[in-house]
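This report concerns only the one structure given below.
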Amino acid sequence: MTTDDGLSSDGGLATDDVQAIIGVQNAYAVAIDRRDWSALRGCFAPDARVGFGRPARLGTLEEFLAWAPPFHDALGPTLHQMTTHHAHPRRDGAREGGAESDDGVPPNRPLAGAGAAGRGRDAGRPAVAEASCYLHALLVSADLASCQAVFGRYDDEVVHLAGRWVIRRREFHPIWRNVTTATGTTGAAAAGNATSERETQ
């Protein structure tokens, strides 16, 4: 059951908002695997900050999009599987431990989902949510001689702009990665370490 402000009766996101957020996380994976760079851009807000590179760093959307095509074009086929999605409304200031948020809005005000955009109590500014999903990525080498498997979790901040949810901030947290070749498989735990898109994409 959803309320007039777009939140579910338990204070969570409305079902259609959750499905839309899952959709943009999945669209990211499809865009990478199809090398559809226009679709990849469409997954993000114009002011997005995205983790990429080696060593990992948080860059602008334009920096990420300048890096992604040549990196992925140097690989063979890739397969990104997104699972175990979770999304909930962001409470302003949560990332700063209750301090005022980056946009200057006082903390601890629940933001409504997309259903509230333009009609809810926060209709004057975009709805914001936090989301996560698990990643299992297979990166095949260009010569098809090896395949790297990466397991981890994406943490996203998503925002509702122009009638749809897009990613405004994305960070990756690795758990495990291994490389399989004709002679065997090697692997290493990666828990607690930031990783690069080379390790995740």
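How things are named: the first chain in the structure tokens is A, the next is B, and so on; residues count from 1 in each chain; ligands count from 1 in the order shown.
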Practice item. Quick one: everything within 8 Å of Val140 (chain A), counting only C-alpha atoms, minus sequence neighbours fewer than 2 positions away in the same chain. Send it as a list in words. Key: Leu75, Gly76, Pro77, Thr78, Leu138, Ala142, Leu144, Ala145, Ser146, Cys147 and Gln148 of chain A
Output C-alpha atoms for every residue in that selection, as a compact mmCIF listing (two decimals), in the first residue's frame.
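Result file follows (selection_34.txt):
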```txt
# COMPACT_ATOMS: atom_id res chain seq x y z
CA LEU A 75 38.28 -6.93 -23.88
CA GLY A 76 36.44 -9.83 -25.42
CA PRO A 77 32.83 -10.56 -24.41
CA THR A 78 31.66 -9.45 -20.96
CA LEU A 138 32.74 -12.17 -16.27
CA ALA A 142 40.33 -10.37 -26.21
CA LEU A 144 39.58 -15.67 -25.43
CA ALA A 145 42.40 -17.32 -23.48
CA SER A 146 41.30 -16.28 -20.00
CA CYS A 147 38.29 -15.04 -18.06
CA GLN A 148 38.24 -12.90 -14.94
```
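Interatomic distance, CA of Gly184 (chain A) against CA of Leu79 (chain A): 20.4 Å.
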Exercise for review: Would you list the contacts of Gln81 (chain A) as a ChimeraX atom specification, taking every protein, DNA or RNA residue within 12 Å and counting only C-alpha atoms, but skipping same-chain residues closer than 5 positions in sequence?
Suggested key: /A:25-30,32-33,133-139,149-154,200-201
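DSSP on the backbone gives strand (DSSP E) for these parts of region 3-83 of chain A: A:Phe44, A:Ala45, A:Pro46, A:Asp47, A:Ala48, A:Arg49, A:Val50, A:Gly51, A:Phe52, A:Arg57, A:Leu58, A:Gly59, A:Thr60, A:Thr78, A:Leu79, A:His80, A:Gln81, A:Met82, A:Thr83.
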Residues from last step as file, N, CA and C atoms, as a CSV table (one decimal), in the first residue's frame:
```csv
chain,number,residue,atom,x,y,z
A,44,PHE,N,22.9,7.7,-15.8
A,44,PHE,CA,23.5,8.6,-14.8
A,44,PHE,C,22.9,10.0,-14.9
A,45,ALA,N,22.9,10.7,-13.7
A,45,ALA,CA,22.6,12.1,-13.7
A,45,ALA,C,23.8,12.9,-14.3
A,46,PRO,N,23.5,14.0,-14.9
A,46,PRO,CA,24.6,14.8,-15.5
A,46,PRO,C,25.8,15.1,-14.5
A,47,ASP,N,25.5,15.3,-13.2
A,47,ASP,CA,26.5,15.6,-12.2
A,47,ASP,C,27.0,14.4,-11.4
A,48,ALA,N,26.8,13.2,-12.0
A,48,ALA,CA,27.1,12.0,-11.3
A,48,ALA,C,28.6,11.9,-11.0
A,49,ARG,N,28.9,11.2,-9.9
A,49,ARG,CA,30.3,10.8,-9.5
A,49,ARG,C,30.3,9.3,-9.6
A,50,VAL,N,31.3,8.8,-10.3
A,50,VAL,CA,31.4,7.3,-10.5
A,50,VAL,C,32.8,6.8,-10.2
A,51,GLY,N,32.9,5.7,-9.5
A,51,GLY,CA,34.2,5.1,-9.2
A,51,GLY,C,34.7,4.3,-10.4
A,52,PHE,N,36.0,4.6,-10.8
A,52,PHE,CA,36.6,3.9,-11.9
A,52,PHE,C,38.1,4.0,-11.8
A,57,ARG,N,39.3,5.6,-8.2
A,57,ARG,CA,39.0,7.0,-7.8
A,57,ARG,C,37.6,7.3,-8.2
A,58,LEU,N,37.1,8.4,-7.6
A,58,LEU,CA,35.8,8.9,-7.8
A,58,LEU,C,35.9,10.0,-8.8
A,59,GLY,N,35.3,9.9,-10.0
A,59,GLY,CA,35.5,10.9,-11.0
A,59,GLY,C,34.1,11.4,-11.5
A,60,THR,N,34.2,12.4,-12.4
A,60,THR,CA,32.9,12.9,-13.0
A,60,THR,C,32.4,11.9,-14.0
A,78,THR,N,31.8,-9.6,-22.4
A,78,THR,CA,31.7,-9.4,-21.0
A,78,THR,C,30.2,-9.8,-20.6
A,79,LEU,N,30.0,-10.2,-19.4
A,79,LEU,CA,28.7,-10.5,-18.9
A,79,LEU,C,28.6,-10.0,-17.4
A,80,HIS,N,27.7,-9.0,-17.2
A,80,HIS,CA,27.5,-8.5,-15.9
A,80,HIS,C,26.1,-8.9,-15.4
A,81,GLN,N,26.1,-9.6,-14.3
A,81,GLN,CA,24.9,-10.0,-13.6
A,81,GLN,C,24.6,-9.3,-12.4
A,82,MET,N,23.5,-8.6,-12.3
A,82,MET,CA,23.1,-7.8,-11.1
A,82,MET,C,22.0,-8.5,-10.4
A,83,THR,N,22.2,-8.7,-9.1
A,83,THR,CA,21.2,-9.5,-8.3
A,83,THR,C,21.1,-8.8,-6.9
```
**Study point:** Two-atom distance - CA of His88 (chain A), CA of Glu63 (chain A) (Å)
**Key:** 28.3 Å
